[in-house]
Each structure stands twice: as C-alpha cells, then as structure tokens.
$ cat target-v6.txt   # compact mmCIF, C-alpha atoms
# COMPACT_ATOMS: atom_id res chain seq x y z
CA MET A 970 0.00 0.00 0.00
CA CYS A 971 2.79 2.36 0.95
CA GLU A 972 4.66 1.39 -2.20
CA ALA A 973 1.59 2.07 -4.28
CA GLY A 974 1.19 5.44 -2.62
CA ALA A 975 4.80 6.32 -3.17
CA ALA A 976 4.55 5.28 -6.80
CA GLY A 977 1.49 7.48 -7.17
CA HIS A 978 3.31 10.46 -5.72
CA GLU A 979 6.29 9.78 -7.97
CA SER A 980 3.96 9.71 -10.95
CA ALA A 981 2.41 12.99 -9.89
CA ALA A 982 5.85 14.52 -9.48
CA LEU A 983 6.90 13.33 -12.90
CA ALA A 984 3.68 14.62 -14.44
CA LEU A 985 4.30 17.99 -12.83
CA ALA A 986 7.88 18.09 -14.11
CA MET A 987 6.74 17.18 -17.61
CA LEU A 988 4.03 19.82 -17.65
CA VAL A 989 6.27 22.62 -16.42
CA TYR A 990 9.27 21.65 -18.54
CA GLY A 991 7.16 21.03 -21.63
CA HIS A 992 5.12 24.21 -21.60
CA ARG A 993 7.69 26.69 -20.30
CA PRO A 994 9.46 27.55 -23.60
CA ASN A 995 6.26 28.36 -25.50
CA VAL A 996 4.73 30.30 -22.62
CA ARG A 997 7.97 32.19 -22.06
CA ARG A 998 8.21 33.25 -25.70
CA ARG A 999 4.63 34.43 -25.74
CA VAL A 1000 5.27 36.46 -22.63
CA ALA A 1001 8.51 37.85 -24.10
CA MET A 1002 6.55 39.49 -26.91
CA LYS A 1003 4.40 41.42 -24.45
CA VAL A 1004 6.41 42.06 -21.30
CA PRO A 1005 9.73 43.85 -20.64
CA PRO A 1006 12.73 41.47 -20.51
CA GLN A 1007 13.35 41.87 -16.78
CA ASP A 1008 9.85 40.57 -15.95
CA VAL A 1009 9.55 37.77 -18.51
CA ASP A 1010 10.67 34.90 -16.27
CA ASP A 1011 8.59 36.16 -13.39
CA VAL A 1012 5.37 36.35 -15.39
CA THR A 1013 6.11 33.03 -17.11
CA ASP A 1014 6.56 31.21 -13.82
CA GLU A 1015 3.44 32.82 -12.42
CA ILE A 1016 1.48 31.47 -15.38
CA LEU A 1017 2.93 27.99 -14.98
CA ALA A 1018 2.17 27.99 -11.27
CA LYS A 1019 -1.42 29.14 -11.71
CA ALA A 1020 -2.22 26.81 -14.57
CA THR A 1021 -0.55 23.77 -13.04
CA VAL A 1022 -1.95 24.20 -9.55
CA SER A 1023 -5.42 24.56 -11.06
CA ALA A 1024 -4.90 21.42 -13.12
CA PHE A 1025 -3.85 19.38 -10.10
CA ASP A 1026 -6.51 20.64 -7.72
CA GLY A 1027 -9.27 20.18 -10.26
CA THR A 1028 -10.27 23.83 -10.74
CA SER A 1029 -8.92 24.23 -14.26
CA GLY A 1030 -11.31 24.60 -17.12
CA GLY A 1031 -11.17 22.06 -19.92
CA GLN A 1032 -8.09 20.69 -21.59
CA PHE A 1033 -4.79 21.66 -20.00
CA GLY A 1034 -3.31 23.26 -23.11
CA SER A 1035 -6.36 25.49 -23.57
CA TRP A 1036 -6.34 26.33 -19.89
CA MET A 1037 -2.67 27.29 -20.10
CA ASN A 1038 -3.48 29.59 -23.03
CA THR A 1039 -6.28 31.24 -21.11
CA ILE A 1040 -4.08 31.83 -18.09
CA THR A 1041 -1.28 33.17 -20.30
CA VAL A 1042 -3.45 35.80 -21.91
CA ARG A 1043 -5.01 36.85 -18.62
CA ALA A 1044 -1.70 37.03 -16.78
CA ILE A 1045 -0.16 39.25 -19.46
CA ALA A 1046 -3.21 41.51 -19.45
CA ASP A 1047 -3.10 41.58 -15.68
CA TYR A 1048 0.58 42.49 -15.71
CA HIS A 1049 -0.15 45.56 -17.81
CA ARG A 1050 -3.23 46.46 -15.82
CA ARG A 1051 -1.34 46.32 -12.57
CA GLY A 1052 1.84 47.85 -13.91
CA PRO A 1053 5.43 46.61 -13.81
CA GLY A 1054 6.84 45.73 -10.44
CA ARG A 1055 3.75 44.03 -9.10
CA VAL A 1056 3.36 40.30 -9.28
CA ALA A 1057 -0.10 38.91 -9.92
CA THR A 1058 -1.63 37.46 -6.81
CA GLU A 1059 -5.31 38.02 -7.41
CA PRO A 1060 -7.53 34.98 -7.77
CA LEU A 1061 -8.50 33.84 -11.21
CA ASP A 1062 -12.08 35.05 -11.02
CA ARG A 1063 -10.73 38.55 -10.53
CA ASP A 1064 -8.57 38.03 -13.62
CA LEU A 1065 -11.72 37.27 -15.52
CA GLU A 1066 -12.98 40.75 -14.76
CA ALA A 1067 -9.74 42.41 -15.81
CA PRO A 1068 -10.07 44.83 -18.71
CA ALA A 1069 -8.51 43.51 -21.88
CA GLU A 1070 -5.06 44.84 -22.59
CA ASP A 1071 -2.93 44.25 -25.62
CA ALA A 1072 -2.49 40.50 -25.21
CA ALA A 1073 -6.15 39.89 -24.61
CA GLU A 1074 -7.11 42.17 -27.49
CA THR A 1075 -4.88 40.18 -29.82
CA ARG A 1076 -6.37 36.93 -28.62
CA ASP A 1077 -9.89 38.30 -28.97
CA ALA A 1078 -9.16 39.61 -32.45
CA LEU A 1079 -7.92 36.22 -33.52
CA ARG A 1080 -10.91 34.48 -31.97
CA ARG A 1081 -13.38 36.85 -33.62
CA VAL A 1082 -11.86 36.24 -37.02
CA LEU A 1083 -11.71 32.47 -36.52
CA ASP A 1084 -15.28 32.37 -35.24
CA ALA A 1085 -16.46 34.15 -38.35
CA LEU A 1086 -15.05 31.42 -40.59
CA SER A 1087 -16.91 28.40 -41.88
CA ASP A 1088 -15.91 25.10 -40.31
CA GLU A 1089 -13.89 24.09 -43.34
CA HIS A 1090 -12.10 27.43 -43.61
CA ARG A 1091 -11.40 27.40 -39.87
CA ARG A 1092 -9.87 23.93 -40.22
CA VAL A 1093 -7.58 25.20 -42.96
CA VAL A 1094 -6.52 28.28 -40.99
CA GLU A 1095 -5.94 26.26 -37.81
CA LEU A 1096 -3.65 23.90 -39.69
CA TRP A 1097 -1.86 26.83 -41.32
CA LEU A 1098 -1.37 28.42 -37.88
CA GLN A 1099 0.20 25.17 -36.72
CA GLY A 1100 2.76 25.47 -39.49
CA PHE A 1101 1.30 23.24 -42.17
CA ALA A 1102 2.08 24.39 -45.70
CA ALA A 1103 -0.65 24.42 -48.34
CA PRO A 1104 0.38 21.09 -49.95
CA GLU A 1105 0.24 19.41 -46.52
CA ILE A 1106 -3.41 20.32 -45.96
CA ASP A 1107 -5.71 17.57 -47.19
CA GLY A 1108 -8.89 17.96 -49.17
CA ILE A 1109 -8.31 21.39 -50.66
CA SER A 1110 -6.20 22.84 -53.44
CA ASP A 1111 -3.11 24.91 -52.72
CA ALA A 1112 -4.72 27.87 -54.43
CA ASN A 1113 -7.75 27.69 -52.17
CA VAL A 1114 -5.58 27.43 -49.08
CA HIS A 1115 -3.73 30.58 -50.12
CA GLN A 1116 -7.01 32.35 -50.77
CA ILE A 1117 -8.49 31.37 -47.41
CA VAL A 1118 -5.32 32.33 -45.56
CA SER A 1119 -5.12 35.62 -47.41
CA ARG A 1120 -8.69 36.50 -46.42
CA PHE A 1121 -8.04 35.42 -42.89
CA ARG A 1122 -4.97 37.62 -42.62
CA ARG A 1123 -6.80 40.59 -44.11
CA ALA A 1124 -9.59 40.20 -41.58
CA LEU A 1125 -7.11 39.79 -38.75
CA ARG A 1126 -5.34 43.00 -39.72
CA GLY A 1127 -8.72 44.67 -39.74
CA GLN A 1128 -9.42 43.47 -36.24
CA LEU A 1129 -5.97 44.54 -35.12
CA GLY A 1130 -6.74 48.06 -36.27
CA ASP A 1131 -5.46 48.19 -39.84
CA GLY A 1132 -7.96 48.36 -42.66
CA PRO A 1133 -11.64 47.45 -42.92
CA LYS A 1134 -13.07 45.17 -40.26
CA GLY A 1135 -14.48 42.75 -42.80
CA LYS A 1136 -15.29 39.15 -42.35
CA ALA A 1137 -12.82 36.56 -43.54
CA ALA A 1138 -15.30 34.29 -45.22
CA MET B 1338 4.76 36.09 -50.38
CA SER B 1339 4.55 38.97 -47.94
CA ASP B 1340 7.27 39.73 -45.39
CA VAL B 1341 4.90 38.71 -42.61
CA GLU B 1342 4.18 35.31 -44.09
CA ARG B 1343 7.82 34.71 -44.99
CA LEU B 1344 8.93 35.56 -41.45
CA LEU B 1345 6.20 33.45 -39.88
CA GLN B 1346 7.20 30.45 -41.95
CA ALA B 1347 10.87 30.98 -41.14
CA PHE B 1348 10.04 31.21 -37.44
CA ILE B 1349 8.01 28.02 -37.53
CA ARG B 1350 10.68 26.22 -39.53
CA GLU B 1351 13.40 27.18 -37.05
CA ASP B 1352 11.17 26.19 -34.16
CA ARG B 1353 10.29 22.82 -35.62
CA GLU B 1354 13.92 22.06 -36.25
CA GLY B 1355 14.46 22.34 -32.52
CA GLY B 1356 16.02 25.78 -32.47
CA GLU B 1357 13.48 27.31 -30.07
CA ALA B 1358 13.17 30.35 -32.31
CA ASP B 1359 13.28 33.76 -30.67
CA PRO B 1360 10.16 35.72 -31.68
CA LEU B 1361 11.75 39.07 -30.90
CA ALA B 1362 14.44 38.50 -33.54
CA TYR B 1363 11.72 38.04 -36.15
CA LEU B 1364 9.54 40.90 -34.95
CA ALA B 1365 12.54 43.23 -35.18
CA GLN B 1366 12.48 42.78 -38.96
CA VAL B 1367 9.09 44.45 -39.44
CA GLU B 1368 7.36 47.56 -38.17
CA GLY B 1369 3.92 48.98 -37.55
CA ASP B 1370 0.95 46.95 -38.74
CA ASP B 1371 3.17 44.22 -40.15
CA ARG B 1372 4.74 43.78 -36.76
CA ALA B 1373 1.33 43.65 -35.03
CA GLU B 1374 0.14 41.00 -37.46
CA LEU B 1375 3.32 38.93 -37.20
CA GLU B 1376 3.13 39.09 -33.41
CA ALA B 1377 -0.47 37.86 -33.45
CA LEU B 1378 0.41 35.02 -35.81
CA ILE B 1379 3.50 33.91 -33.89
CA ASP B 1380 1.45 34.03 -30.69
CA ALA B 1381 -1.24 31.92 -32.33
CA TYR B 1382 1.40 29.43 -33.47
CA LEU B 1383 2.99 29.18 -30.02
CA ALA B 1384 -0.43 28.72 -28.43
CA ARG B 1385 -0.92 25.69 -30.66
CA ALA B 1386 2.62 24.34 -30.79
CA PRO B 1387 3.30 21.00 -29.11
CA ARG B 1388 5.01 21.12 -25.75
CA ARG B 1389 8.68 20.27 -25.50
CA PRO B 1390 9.33 16.53 -25.00
CA PHE B 1391 10.50 15.74 -21.50
CA ASP B 1392 14.24 15.37 -20.99
CA ARG B 1393 15.05 14.58 -17.38
CA GLU B 1394 18.67 15.64 -17.64
CA ALA B 1395 17.82 18.95 -19.26
CA PHE B 1396 15.02 19.45 -16.76
CA GLU B 1397 17.43 19.10 -13.84
CA GLY B 1398 19.56 21.95 -15.18
CA SER B 1399 16.69 24.19 -16.23
CA GLY B 1400 14.71 26.96 -14.59
CA ALA B 1401 11.68 24.71 -14.84
CA ARG B 1402 12.98 22.59 -11.99
CA ALA B 1403 12.70 25.33 -9.37
CA VAL B 1404 9.24 26.22 -10.62
CA ALA B 1405 8.12 22.60 -10.45
CA GLU B 1406 9.48 22.28 -6.92
CA ASP B 1407 7.63 25.40 -5.76
CA ILE B 1408 4.42 24.20 -7.36
CA GLY B 1409 4.93 20.76 -5.84
CA ARG B 1410 5.22 22.28 -2.39
CA SER B 1411 2.01 24.23 -3.01
CA LEU B 1412 0.21 21.08 -4.04
CA GLY B 1413 1.60 18.89 -1.31
CA GLY B 1414 1.47 21.38 1.53
CA VAL B 1415 -1.03 23.16 3.71
CA SER B 1416 -0.18 26.74 2.78
CA GLY B 1417 -2.08 27.07 -0.50
CA GLU B 1418 -0.09 28.80 -3.22
CA TRP B 1419 2.31 30.48 -0.82
CA PRO B 1420 5.25 28.19 -1.71
CA ALA B 1421 4.89 29.16 -5.36
CA LEU B 1422 4.06 32.81 -4.66
CA LEU B 1423 6.17 34.01 -1.73
CA PRO B 1424 9.62 33.26 -3.16
CA ARG B 1425 8.63 35.06 -6.35
CA LEU B 1426 7.39 38.11 -4.44
CA ARG B 1427 10.55 38.08 -2.37
CA ASP B 1428 12.73 37.90 -5.48
CA ARG B 1429 10.80 40.73 -7.01
CA ALA B 1430 11.36 42.84 -3.92
CA ARG B 1431 15.06 41.86 -4.12
CA LEU B 1432 15.03 40.57 -0.58
CA ARG B 1433 16.70 37.53 0.88
CA ARG B 1434 14.59 35.41 3.20
CA ALA B 1435 16.56 36.65 6.20
CA GLU B 1436 15.78 40.24 5.25
CA VAL B 1437 12.07 39.50 4.96
CA VAL B 1438 12.18 37.86 8.37
CA ALA B 1439 14.02 40.82 9.91
CA ARG B 1440 11.52 43.29 8.49
CA LEU B 1441 8.62 41.10 9.51
CA ALA B 1442 9.98 40.96 13.04
CA ASP B 1443 10.30 44.72 13.04
CA GLU B 1444 6.76 45.21 11.73
CA LEU B 1445 5.37 42.82 14.34
CA GLY B 1446 7.36 44.41 17.12
CA ALA B 1447 9.12 41.15 17.93
CA THR B 1448 12.02 40.82 20.33
CA GLU B 1449 15.37 39.44 19.20
CA SER B 1450 14.56 36.01 20.59
CA GLN B 1451 11.22 35.99 18.83
CA GLN B 1452 12.89 36.65 15.47
CA ALA B 1453 14.11 33.04 15.25
CA LYS B 1454 10.56 31.89 15.78
CA ILE B 1455 9.35 34.19 13.01
CA ALA B 1456 12.07 32.79 10.75
CA ARG B 1457 10.75 29.27 11.30
CA TYR B 1458 7.16 30.27 10.73
CA TYR B 1459 8.01 32.19 7.57
CA HIS B 1460 10.04 29.23 6.37
CA GLY B 1461 6.93 27.11 6.89
CA MET B 1462 4.91 29.53 4.78
CA GLU B 1463 7.37 29.26 1.90
CA ARG B 1464 7.67 25.49 2.25
CA GLY B 1465 3.96 24.81 2.54
CA THR B 1466 4.12 23.38 6.04
CA LEU B 1467 2.39 26.16 7.96
CA PRO B 1468 -1.43 26.00 7.74
CA ALA B 1469 -2.51 29.14 5.93
CA ASP B 1470 -5.75 29.56 7.84
CA GLY B 1471 -3.83 29.99 11.10
CA VAL B 1472 -1.86 33.02 9.94
CA SER B 1473 -3.39 36.28 11.15
CA ASP B 1474 -4.31 39.31 9.11
CA ARG B 1475 -1.73 41.25 11.09
CA VAL B 1476 1.07 39.02 9.78
CA LEU B 1477 -0.27 39.12 6.24
CA GLN B 1478 -0.59 42.90 6.31
CA ALA B 1479 2.99 43.25 7.47
CA LEU B 1480 4.26 40.73 4.94
CA ALA B 1481 2.28 42.31 2.11
CA LYS B 1482 3.84 45.67 2.88
CA ILE B 1483 7.32 44.14 2.74
CA VAL B 1484 6.98 42.20 -0.50
CA GLY B 1485 4.71 44.61 -2.33
CA THR B 1486 1.28 43.08 -2.50
CA THR B 1487 -1.91 43.12 -0.42
CA ALA B 1488 -2.96 41.11 2.60
CA GLU B 1489 -6.14 40.12 0.79
CA ALA B 1490 -4.16 38.73 -2.12
CA LEU B 1491 -1.95 36.73 0.23
CA ARG B 1492 -5.00 35.40 2.08
CA GLU B 1493 -6.61 34.35 -1.16
CA ALA B 1494 -3.43 32.63 -2.37
CA GLY B 1495 -3.25 30.76 0.91
CA ARG B 1496 -6.71 29.37 0.34
CA ARG B 1497 -6.02 28.04 -3.14
CA ALA B 1498 -4.67 24.55 -3.88
CA GLY B 1499 -2.70 22.61 -1.32
CA GLY B 1500 -4.44 21.45 1.79
CA ALA B 1501 -3.33 17.87 1.42
CA ALA B 1502 -3.76 15.87 4.60
CA THR B 1503 -0.28 14.42 4.28
CA PRO B 1504 2.10 17.20 3.32
CA ASP B 1505 5.08 14.98 3.97
CA ALA B 1506 4.03 12.34 1.47
CA ALA B 1507 3.11 14.52 -1.46
CA GLY B 1508 5.47 17.36 -0.68
CA THR B 1509 8.45 15.09 -0.33
CA ALA B 1510 7.61 13.26 -3.52
CA PHE B 1511 7.33 16.51 -5.43
CA ALA B 1512 10.51 17.78 -3.85
CA ARG B 1513 12.21 14.58 -4.98
CA ILE B 1514 12.05 15.92 -8.52
CA GLY B 1515 14.98 18.02 -7.44
CA ALA B 1516 17.16 18.00 -4.37
CA PRO B 1517 15.58 16.79 -1.12
CA ASP B 1518 14.71 19.54 1.30
CA PRO B 1519 16.13 18.67 4.70
CA GLU B 1520 14.58 21.80 6.19
CA GLN B 1521 11.04 20.75 5.42
CA MET B 1522 9.20 20.38 8.66
CA PRO B 1523 5.54 19.53 9.36
CA ALA B 1524 3.45 22.28 10.87
CA GLU B 1525 2.96 20.40 14.12
CA GLU B 1526 6.66 19.99 14.51
CA LEU B 1527 7.19 23.62 13.67
CA THR B 1528 4.73 24.64 16.32
CA ARG B 1529 6.18 22.20 18.82
CA ARG B 1530 9.64 23.61 18.30
CA ARG B 1531 8.68 27.25 18.68
CA GLY B 1532 11.01 29.38 20.75
CA ALA B 1533 14.18 28.39 22.50
CA ALA B 1534 12.44 26.74 25.41
CA PRO B 1535 10.01 23.92 24.43
CA ASP B 1536 7.98 24.28 27.61
CA GLU B 1537 7.55 28.00 27.22
CA PRO B 1538 3.88 28.88 26.77
CA PRO B 1539 2.81 30.23 23.40
CA ASP B 1540 3.30 33.96 23.04
CA GLU B 1541 1.76 36.58 20.79
CA ILE B 1542 4.03 35.59 17.88
CA ASP B 1543 2.81 31.99 18.03
CA ALA B 1544 -0.73 33.28 18.14
CA ALA B 1545 -0.14 35.55 15.18
CA PHE B 1546 1.07 32.66 13.03
CA THR B 1547 -1.03 29.75 14.23
CA SER B 1548 -4.38 30.84 15.54
CA ALA B 1549 -5.96 33.41 13.27
$ encode --input "target-v6.txt" --output "structure tokens"
Amino acid sequence: MCEAGAAGHESAALALAMLVYGHRPNVRRRVAMKVPPQDVDDVTDEILAKATVSAFDGTSGGQFGSWMNTITVRAIADYHRRGPGRVATEPLDRDLEAPAEDAAETRDALRRVLDALSDEHRRVVELWLQGFAAPEIDGISDANVHQIVSRFRRALRGQLGDGPKGKAA
Amino acid sequence: MSDVERLLQAFIREDREGGEADPLAYLAQVEGDDRAELEALIDAYLARAPRRPFDREAFEGSGARAVAEDIGRSLGGVSGEWPALLPRLRDRARLRRAEVVARLADELGATESQQAKIARYYHGMERGTLPADGVSDRVLQALAKIVGTTAEALREAGRRAGGAATPDAAGTAFARIGAPDPEQMPAEELTRRRGAAPDEPPDEIDAAFTSA
C-alpha cells in the first residue's frame, strides 16, 4: 500500500515536471513578446504555477493546453493592468474581470476572425497556424488554401486596427 | 509572399527544427501593422505548438525545476499557493529570506529572541508546512507591505490549492524531482519547536502565526 502510494506520488511529481518543462518555452516566448525582458521569467513562472496548480486541484477549465493559453493571456493583461513591479496574486475570477489589454485584445481579435469562418475554412486556418504548408493540408487545393489564408490575414489585420473590419469568409 | 508570411514560416521552420526560435528577432524585422500581425500570428502558433518533449537531464539543469518544486510544495502542503508565490514576491522585492524575516519581526514588534521563531514560521509559509488559515491578518498585512502586495491577495493565495492531509508524502515526492529539502518540517513539529524553550507557553508571535 505504501509502495503504491509512493509510486502514485512519484507519478504525480513526474507529471508535474513534464508539464512545467514542456510548456515553459512556449509560454515564455509568448510572454517575451508582451512584457519587458526583466519581468519575462517572473510572469512566465506565475502562469505555470497558476495553470498547473489549477490542473492538479481540479479547478482548471477544460483541456490543460487550452487552460494554459487562457491563463497566459489573462496574466499578461493583468501584468499591464497592474503595472510593472507588481506580481499577480489576485484569484483567477478577478482576472476574468480584468479589462482587456494588448495580449487579450490580440487573442480576442484572432478568436473573432476564426469564429467568423466556416468550419472548413477554420480547419484550414488552424492547420496553417500550426505550421502546415498548403500542400500538406488535405482535401483542398493549394490555391484555395492561399485564398483562405489571405482572407483570414486581411480580416485579422482589420481586427488589429489596420484596414476594414471585414469578415474573412 | 509577404514579409509577414515569410517571417512566420521561417520562425516556424526554425522552431520545428528544434532551435526554439526567438520571436523578438523576427519581430525586429518588421514595423507597424506588419509587426502587429506577425506578433499575433506567432502568438497563435505558439499557443498551438506541441510542448517540449520531457528530458530529465535537461530538466534538472533548467529553470523549470525550481518552478516545479515550488508548485509541488504548493500542491503537497497546507499553505495554499504560498510556496509558489512568496519566493517570487521576495525575489521581485530583491530581498533575501533573512531580510524578509528581519523586516517582519520589526513590523510585528518582535524581540530578538522571537525573530528566530518568526524565521521558522516564515520558512513554513514558503515550504507549505504552515497552515494558511492559522496566519493572522496582522502578519499578512505586514508581509504584504514588505513584498509589495496586499494582505487580501496573500489570504486568497493561501486558500487556493494545497491542503493535502499528508504534506510529507506529497510534498516530499514533489521535492524529490529536485534535491531533497532537509529543512522541510511539518506544521505540528514547527509549532512544537517554537522558541528556545520547548515548555515556554505560546506567546503573541505563536498566536499571530497559528491561531488566526
């Protein structure tokens, strides 16, 4: 029984290590685009702590990767709302009420444009955002991929404040 | 192909080849609206990119290890998120633990002999061994002032996560990811060992940390 318990704790520890180690580079680079260099590690580790603790204590929402993304956007927005030099300590529900700053606006702009797409066009754009080139995307010609991506980018620029706020599809 | 698309593809290519591409180096090559768009697209890519495969050896030498240990103490302890939060606040305030303790003692009006007791209690807060619900508002207000946050925020962080009935079991297992922590001490033991004289009755410092 004790051995089983110890094995369980070891598994939890390994899972924790894998989560933190695995997600840190991507989270850190996202933070680095929005936060001054001296605060990047601090905000990154805050995000990892919040997301991981929530995942382990059962208060996270949905899939871990999505939850991590949500926390990342909110923590960056919160950083700018609070101002440099203050570490986020407010509970998550207070984060939810935080006014959108740059990071959240970008995320919202992307979501608005993606939501406006048809299912098929959204599938194409999602794959393109994951780095798939046109020939690697099944069921659609390269020319159509380029057209869909071009419209998507035009709409995204519109949402980001450049050009008409048209729909992508 | 536009500059934005060319740079995005180059970023993704470098990243996929294991180079952990630096987004700032790519963003520096464009300005204005192009930069805003490229930033949004790189962010969207990173939000969808697979996580790095686990490498135990690399993990041991990385900054992720300390983060995982702090989180592990939060999860395995009885102090909520304090083990993950307090060291970060202290680092931000550019204070060593001993300096926080000295200022805390000063704020609480502690005597020199009581400072050692405060050091042990504060250590318990950072290690997740001191029950968060026993720490008084007075202590949290003083600590918040020192590390630059609010007592309410500290109280809330103390309530979240943690609370495991067996801090030793989970906390030690999590700590085993890295180096063992010989200083980790259960709350009961911490309380039992308060002060220089074991038989000495609890004083106002004990009360401030253990009976809120």
$ closest_atom_pairs --input "target-v6.txt" --of "chain B" --to "chain A" --cutoff "7 Å" --atoms "only C-alpha atoms" --output "JSON lines"
{"residue": "B:Ile1349", "atom": "CA", "partner": "A:Gly1100", "partner_atom": "CA", "distance": 6.2}
{"residue": "B:Pro1360", "atom": "CA", "partner": "A:Arg998", "partner_atom": "CA", "distance": 6.8}
{"residue": "B:Leu1361", "atom": "CA", "partner": "A:Met1002", "partner_atom": "CA", "distance": 6.6}
{"residue": "B:Asp1370", "atom": "CA", "partner": "A:Asp1131", "partner_atom": "CA", "distance": 6.6}
{"residue": "B:Glu1374", "atom": "CA", "partner": "A:Arg1126", "partner_atom": "CA", "distance": 6.3}
{"residue": "B:Ala1377", "atom": "CA", "partner": "A:Thr1075", "partner_atom": "CA", "distance": 6.2}
{"residue": "B:Asp1380", "atom": "CA", "partner": "A:Arg999", "partner_atom": "CA", "distance": 5.9}
{"residue": "B:Ala1381", "atom": "CA", "partner": "A:Leu1098", "partner_atom": "CA", "distance": 6.6}
{"residue": "B:Tyr1382", "atom": "CA", "partner": "A:Leu1098", "partner_atom": "CA", "distance": 5.3}
{"residue": "B:Leu1383", "atom": "CA", "partner": "A:Asn995", "partner_atom": "CA", "distance": 5.6}
{"residue": "B:Ala1384", "atom": "CA", "partner": "A:Asn1038", "partner_atom": "CA", "distance": 6.3}
{"residue": "B:Arg1385", "atom": "CA", "partner": "A:Gln1099", "partner_atom": "CA", "distance": 6.2}
{"residue": "B:Ala1386", "atom": "CA", "partner": "A:Gln1099", "partner_atom": "CA", "distance": 6.5}
{"residue": "B:Arg1388", "atom": "CA", "partner": "A:Gly991", "partner_atom": "CA", "distance": 4.6}
{"residue": "B:Arg1389", "atom": "CA", "partner": "A:Gly991", "partner_atom": "CA", "distance": 4.2}
{"residue": "B:Pro1390", "atom": "CA", "partner": "A:Gly991", "partner_atom": "CA", "distance": 6.0}
{"residue": "B:Phe1391", "atom": "CA", "partner": "A:Met987", "partner_atom": "CA", "distance": 5.6}
{"residue": "B:Phe1396", "atom": "CA", "partner": "A:Tyr990", "partner_atom": "CA", "distance": 6.4}
{"residue": "B:Ala1401", "atom": "CA", "partner": "A:Tyr990", "partner_atom": "CA", "distance": 5.4}
{"residue": "B:Val1404", "atom": "CA", "partner": "A:Asp1014", "partner_atom": "CA", "distance": 6.5}
{"residue": "B:Ala1405", "atom": "CA", "partner": "A:Ala986", "partner_atom": "CA", "distance": 5.8}
{"residue": "B:Ile1408", "atom": "CA", "partner": "A:Ala1018", "partner_atom": "CA", "distance": 5.9}
{"residue": "B:Leu1412", "atom": "CA", "partner": "A:Val1022", "partner_atom": "CA", "distance": 6.7}
{"residue": "B:Ala1421", "atom": "CA", "partner": "A:Ala1018", "partner_atom": "CA", "distance": 6.6}
{"residue": "B:Leu1426", "atom": "CA", "partner": "A:Val1056", "partner_atom": "CA", "distance": 6.7}
{"residue": "B:Gly1485", "atom": "CA", "partner": "A:Arg1055", "partner_atom": "CA", "distance": 6.9}
{"residue": "B:Ala1490", "atom": "CA", "partner": "A:Glu1059", "partner_atom": "CA", "distance": 5.5}
{"residue": "B:Glu1493", "atom": "CA", "partner": "A:Pro1060", "partner_atom": "CA", "distance": 6.7}
{"residue": "B:Ala1494", "atom": "CA", "partner": "A:Thr1058", "partner_atom": "CA", "distance": 6.8}
{"residue": "B:Ala1498", "atom": "CA", "partner": "A:Asp1026", "partner_atom": "CA", "distance": 5.8}
{"residue": "B:Ala1507", "atom": "CA", "partner": "A:His978", "partner_atom": "CA", "distance": 5.9}
{"residue": "B:Ala1510", "atom": "CA", "partner": "A:His978", "partner_atom": "CA", "distance": 5.6}
{"residue": "B:Phe1511", "atom": "CA", "partner": "A:Ala982", "partner_atom": "CA", "distance": 4.7}
{"residue": "B:Ile1514", "atom": "CA", "partner": "A:Ala982", "partner_atom": "CA", "distance": 6.4}
$ atom_distance --input "target-v6.txt" --atom1 "CA of Val1118 (chain A)" --atom2 "CA of Ile1106 (chain A)"
12.2 Å
$ residues_near_point --input "target-v6.txt" --point "(7.8, 45.8, 7.1)" --cutoff "7 Å" --atoms "all atoms listed in the file" --output "CSV table (one decimal) with C-alpha atoms, in the coordinates of the input"
chain,number,residue,atom,x,y,z
B,1440,ARG,CA,11.5,43.3,8.5
B,1441,LEU,CA,8.6,41.1,9.5
B,1443,ASP,CA,10.3,44.7,13.0
B,1444,GLU,CA,6.8,45.2,11.7
B,1479,ALA,CA,3.0,43.2,7.5
B,1480,LEU,CA,4.3,40.7,4.9
B,1482,LYS,CA,3.8,45.7,2.9
B,1483,ILE,CA,7.3,44.1,2.7
$ atom_distance --input "target-v6.txt" --atom1 "CA of Gly1369 (chain B)" --atom2 "CA of Tyr1048 (chain A)"
23.0 Å
$ atom_distance --input "target-v6.txt" --atom1 "CA of Gln1451 (chain B)" --atom2 "CA of Val1472 (chain B)"
16.1 Å
